[in-house]
Amino acid sequence: MTTDTNTSPVPEPSTGLVREWTACALVRAATRFLPVPFLDDAVAERATRTVVSRTLRAQGRSYAAPALEPLYRDEGARRRGFAARAVRKVLFFPVRKYTKVITAVHGVPNDVARVLLLGRATHRRLALGELAGPAGDQLTQEATEVRAAYEKVVDEMDLRLLRGAVSDGLGQVKDLTGSVLSFARRRFTRSSEDAEAAAQAPEGAVAEGAEQVQQALDRPEVVRLLEEFDRRMDERLARVRAA
């Protein structure tokens with residue numbers, strides 16, 4: 001299946017790649033429940049970085065994921081120094097964590113949806129020959145533009161259909177939260193290599209959750225929403241680059 005936009009059609013990401021994205025998205029969402037300051041943010045970033053890294057490999061790019069750091073690192077984390085972030089993290093961690101837990105019913109599907117859309121945006125840019133490398137200032141600038149466009153488009157779109165589909169898929173799996181937390185602690189707290197291997201071979205309920213979400217993404221109404229996301233990303237980036 002190909003997207004229906006005003007630009008050249010791009011093949012859909014493979015089933016295997018989308019499952020890898022989904023496993024990482026589940027890990028990122030589960031960091032809401034990790035009760036350790038700094039570890040939650042580190043695991044969340046590693047999960048998102050793994051989405052970018054696996055997409056690079058799927059598209060045959062040879063440079064490493066850090067060349068596209070703006071795509072996967074939180075903008076606030078990039079702007080603030082470590083000391084400032086550390087103080088804020090320790091002071092506000094209980095409040096932030098409590099808020100994330102009590103909003104998890106809606107927040108988890110949203111977290112998963114956002115990671116899936118980031119994977120899709122990265123896949124499309126690479127498939128169109130963008131982000132070609134080599135690593136350097138130009139590539140970093142391109143990645144910054146893609147991330148800014150992604151944030152703008154995600155903020156503007158009504159993603160309730162996507163979040164609902166994700167929620168429906170996750171609701172089919174028993175004991176998912178505990179399984180994902182265990183998976184995250186064992187496989188996403190060590191090294192990037194271990195996280196990549198884990199994304200390629202999720203276990204138990206994590207694999208089942210990824211399968212259920214992927215099936216939900218095949219709904220016609222969700223496919224149309226994803227095509228609209230592609231179209232808006234293309235238009236946003238075209239305007240930025242024409243300026």
# chains A, B, ... in the order shown; residues from 1 in each chain; ligands from 1
call {"tool": "residues_around", "arguments": {"residues": "segment 183-196 of chain A", "least_positions_apart": "6", "cutoff": "10 Å", "atoms": "only C-alpha atoms", "output": "VMD selection string"}}
result
chain A and resid 20 23 to 24 26 to 28 30 to 31 34 39 to 40 42 to 47 49 to 51 53 to 54 177 202 to 206
call {"tool": "closest_residue", "arguments": {"among": "A:Asp74, A:Asp111, A:Asp41, A:Asp234", "to": "Val146 of chain A", "atoms": "only C-alpha atoms"}}
result
A:Asp234
call {"tool": "closest_residue", "arguments": {"among": "A:Ala198, A:Ala207, A:Ala243, A:Leu159", "to": "Asn110 of chain A", "atoms": "only C-alpha atoms"}}
result
A:Leu159
call {"tool": "closest_residue", "arguments": {"among": "A:Lys174, A:Arg32, A:Arg163, A:Arg236", "to": "Arg147 of chain A", "atoms": "only C-alpha atoms"}}
result
A:Arg236
call {"tool": "atom_distance", "arguments": {"atom1": "atom CA of Arg232 of chain A", "atom2": "atom CA of Glu151 of chain A"}}
result
11.5 Å
call {"tool": "closest_residue", "arguments": {"among": "A:Gly169, A:Gly16, A:Gly178, A:Gly164", "to": "Gln215 of chain A", "atoms": "only C-alpha atoms"}}
result
A:Gly169
call {"tool": "residues_around", "arguments": {"residues": "Gly133 of chain A", "least_positions_apart": "4", "cutoff": "9 Å", "atoms": "only C-alpha atoms", "output": "JSON, numbers by chain"}}
result
{"A": [61, 62, 63, 67, 138, 139]}
call {"tool": "write_last_selection", "arguments": {"atoms": "all heavy atoms", "output": "PDB file, in the first residue's frame"}}
result
ATOM      1  N   ARG A  61      20.592   3.377   5.542  1.00  0.00           N
ATOM      2  CA  ARG A  61      21.511   4.460   5.872  1.00  0.00           C
ATOM      3  C   ARG A  61      22.642   3.914   6.741  1.00  0.00           C
ATOM      4  O   ARG A  61      22.409   3.074   7.619  1.00  0.00           O
ATOM      5  CB  ARG A  61      20.802   5.584   6.612  1.00  0.00           C
ATOM      6  CG  ARG A  61      19.734   6.288   5.807  1.00  0.00           C
ATOM      7  CD  ARG A  61      20.298   6.999   4.570  1.00  0.00           C
ATOM      8  NE  ARG A  61      19.361   7.969   4.035  1.00  0.00           N
ATOM      9  CZ  ARG A  61      18.399   7.701   3.161  1.00  0.00           C
ATOM     10  NH1 ARG A  61      18.249   6.448   2.717  1.00  0.00           N
ATOM     11  NH2 ARG A  61      17.597   8.650   2.725  1.00  0.00           N
ATOM     12  N   SER A  62      23.851   4.415   6.523  1.00  0.00           N
ATOM     13  CA  SER A  62      25.011   3.875   7.235  1.00  0.00           C
ATOM     14  C   SER A  62      25.423   4.726   8.426  1.00  0.00           C
ATOM     15  O   SER A  62      26.189   4.265   9.272  1.00  0.00           O
ATOM     16  CB  SER A  62      26.194   3.741   6.278  1.00  0.00           C
ATOM     17  OG  SER A  62      26.536   5.002   5.721  1.00  0.00           O
ATOM     18  N   TYR A  63      24.949   5.969   8.519  1.00  0.00           N
ATOM     19  CA  TYR A  63      25.358   6.799   9.649  1.00  0.00           C
ATOM     20  C   TYR A  63      24.554   6.417  10.889  1.00  0.00           C
ATOM     21  O   TYR A  63      23.491   5.803  10.807  1.00  0.00           O
ATOM     22  CB  TYR A  63      25.209   8.283   9.330  1.00  0.00           C
ATOM     23  CG  TYR A  63      23.829   8.726   8.912  1.00  0.00           C
ATOM     24  CD1 TYR A  63      22.827   8.957   9.843  1.00  0.00           C
ATOM     25  CD2 TYR A  63      23.533   8.944   7.562  1.00  0.00           C
ATOM     26  CE1 TYR A  63      21.562   9.361   9.463  1.00  0.00           C
ATOM     27  CE2 TYR A  63      22.275   9.361   7.169  1.00  0.00           C
ATOM     28  CZ  TYR A  63      21.288   9.571   8.125  1.00  0.00           C
ATOM     29  OH  TYR A  63      20.041   9.975   7.738  1.00  0.00           O
ATOM     30  N   ALA A  67      23.384  11.220  14.700  1.00  0.00           N
ATOM     31  CA  ALA A  67      23.405  12.267  13.682  1.00  0.00           C
ATOM     32  C   ALA A  67      22.035  12.919  13.532  1.00  0.00           C
ATOM     33  O   ALA A  67      21.924  14.042  13.037  1.00  0.00           O
ATOM     34  CB  ALA A  67      23.848  11.683  12.335  1.00  0.00           C
ATOM     35  N   GLN A 138      24.589  19.973   8.163  1.00  0.00           N
ATOM     36  CA  GLN A 138      23.446  19.996   7.263  1.00  0.00           C
ATOM     37  C   GLN A 138      22.426  18.931   7.639  1.00  0.00           C
ATOM     38  O   GLN A 138      21.214  19.172   7.648  1.00  0.00           O
ATOM     39  CB  GLN A 138      23.888  19.790   5.811  1.00  0.00           C
ATOM     40  CG  GLN A 138      22.715  19.842   4.822  1.00  0.00           C
ATOM     41  CD  GLN A 138      23.167  19.714   3.379  1.00  0.00           C
ATOM     42  OE1 GLN A 138      24.345  19.855   3.067  1.00  0.00           O
ATOM     43  NE2 GLN A 138      22.217  19.443   2.494  1.00  0.00           N
ATOM     44  N   LEU A 139      22.906  17.745   7.969  1.00  0.00           N
ATOM     45  CA  LEU A 139      22.005  16.660   8.361  1.00  0.00           C
ATOM     46  C   LEU A 139      21.296  17.006   9.664  1.00  0.00           C
ATOM     47  O   LEU A 139      20.093  16.759   9.813  1.00  0.00           O
ATOM     48  CB  LEU A 139      22.792  15.362   8.511  1.00  0.00           C
ATOM     49  CG  LEU A 139      21.975  14.102   8.840  1.00  0.00           C
ATOM     50  CD1 LEU A 139      20.930  13.839   7.762  1.00  0.00           C
ATOM     51  CD2 LEU A 139      22.893  12.897   8.983  1.00  0.00           C
TER      52      LEU A 139
END
call {"tool": "closest_residue", "arguments": {"among": "A:Val173, A:Glu130, A:Leu116, A:Leu68", "to": "Thr144 of chain A", "atoms": "only C-alpha atoms"}}
result
A:Leu68
call {"tool": "atom_distance", "arguments": {"atom1": "atom CA of Val108 of chain A", "atom2": "atom CA of Arg73 of chain A"}}
result
18.8 Å
call {"tool": "atom_distance", "arguments": {"atom1": "atom CA of Gly136 of chain A", "atom2": "atom CA of Pro70 of chain A"}}
result
12.6 Å
call {"tool": "closest_residue", "arguments": {"among": "A:Asp175, A:Glu208, A:Asp218, A:Asp230", "to": "Thr15 of chain A", "atoms": "only C-alpha atoms"}}
result
A:Asp218
call {"tool": "select_by_dssp", "arguments": {"residues": "segment 8-240 of chain A", "states": "alpha helix (DSSP H)", "output": "VMD selection string"}}
result
chain A and resid 15 to 30 39 to 58 69 to 72 75 to 79 82 to 102 104 to 127 137 to 156 160 to 170 176 to 187 192 to 200 204 to 217 220 to 240
call {"tool": "residues_around", "arguments": {"residues": "Val154 of chain A", "least_positions_apart": "5", "cutoff": "9 Å", "atoms": "only C-alpha atoms", "output": "list in words"}}
result
Arg114, Leu117, Ala149, Leu159 and Phe229 of chain A
call {"tool": "write_last_selection", "arguments": {"atoms": "C-alpha atoms", "output": "mmCIF file, in the first residue's frame"}}
result
data_model
loop_
_atom_site.group_PDB
_atom_site.id
_atom_site.type_symbol
_atom_site.label_atom_id
_atom_site.label_comp_id
_atom_site.auth_asym_id
_atom_site.auth_seq_id
_atom_site.Cartn_x
_atom_site.Cartn_y
_atom_site.Cartn_z
ATOM 1 C CA ARG A 114 3.204 10.057 18.861
ATOM 2 C CA LEU A 117 3.977 9.018 13.905
ATOM 3 C CA ALA A 149 7.299 20.042 11.315
ATOM 4 C CA LEU A 159 -5.654 12.305 16.404
ATOM 5 C CA PHE A 229 -0.446 13.151 8.336
#
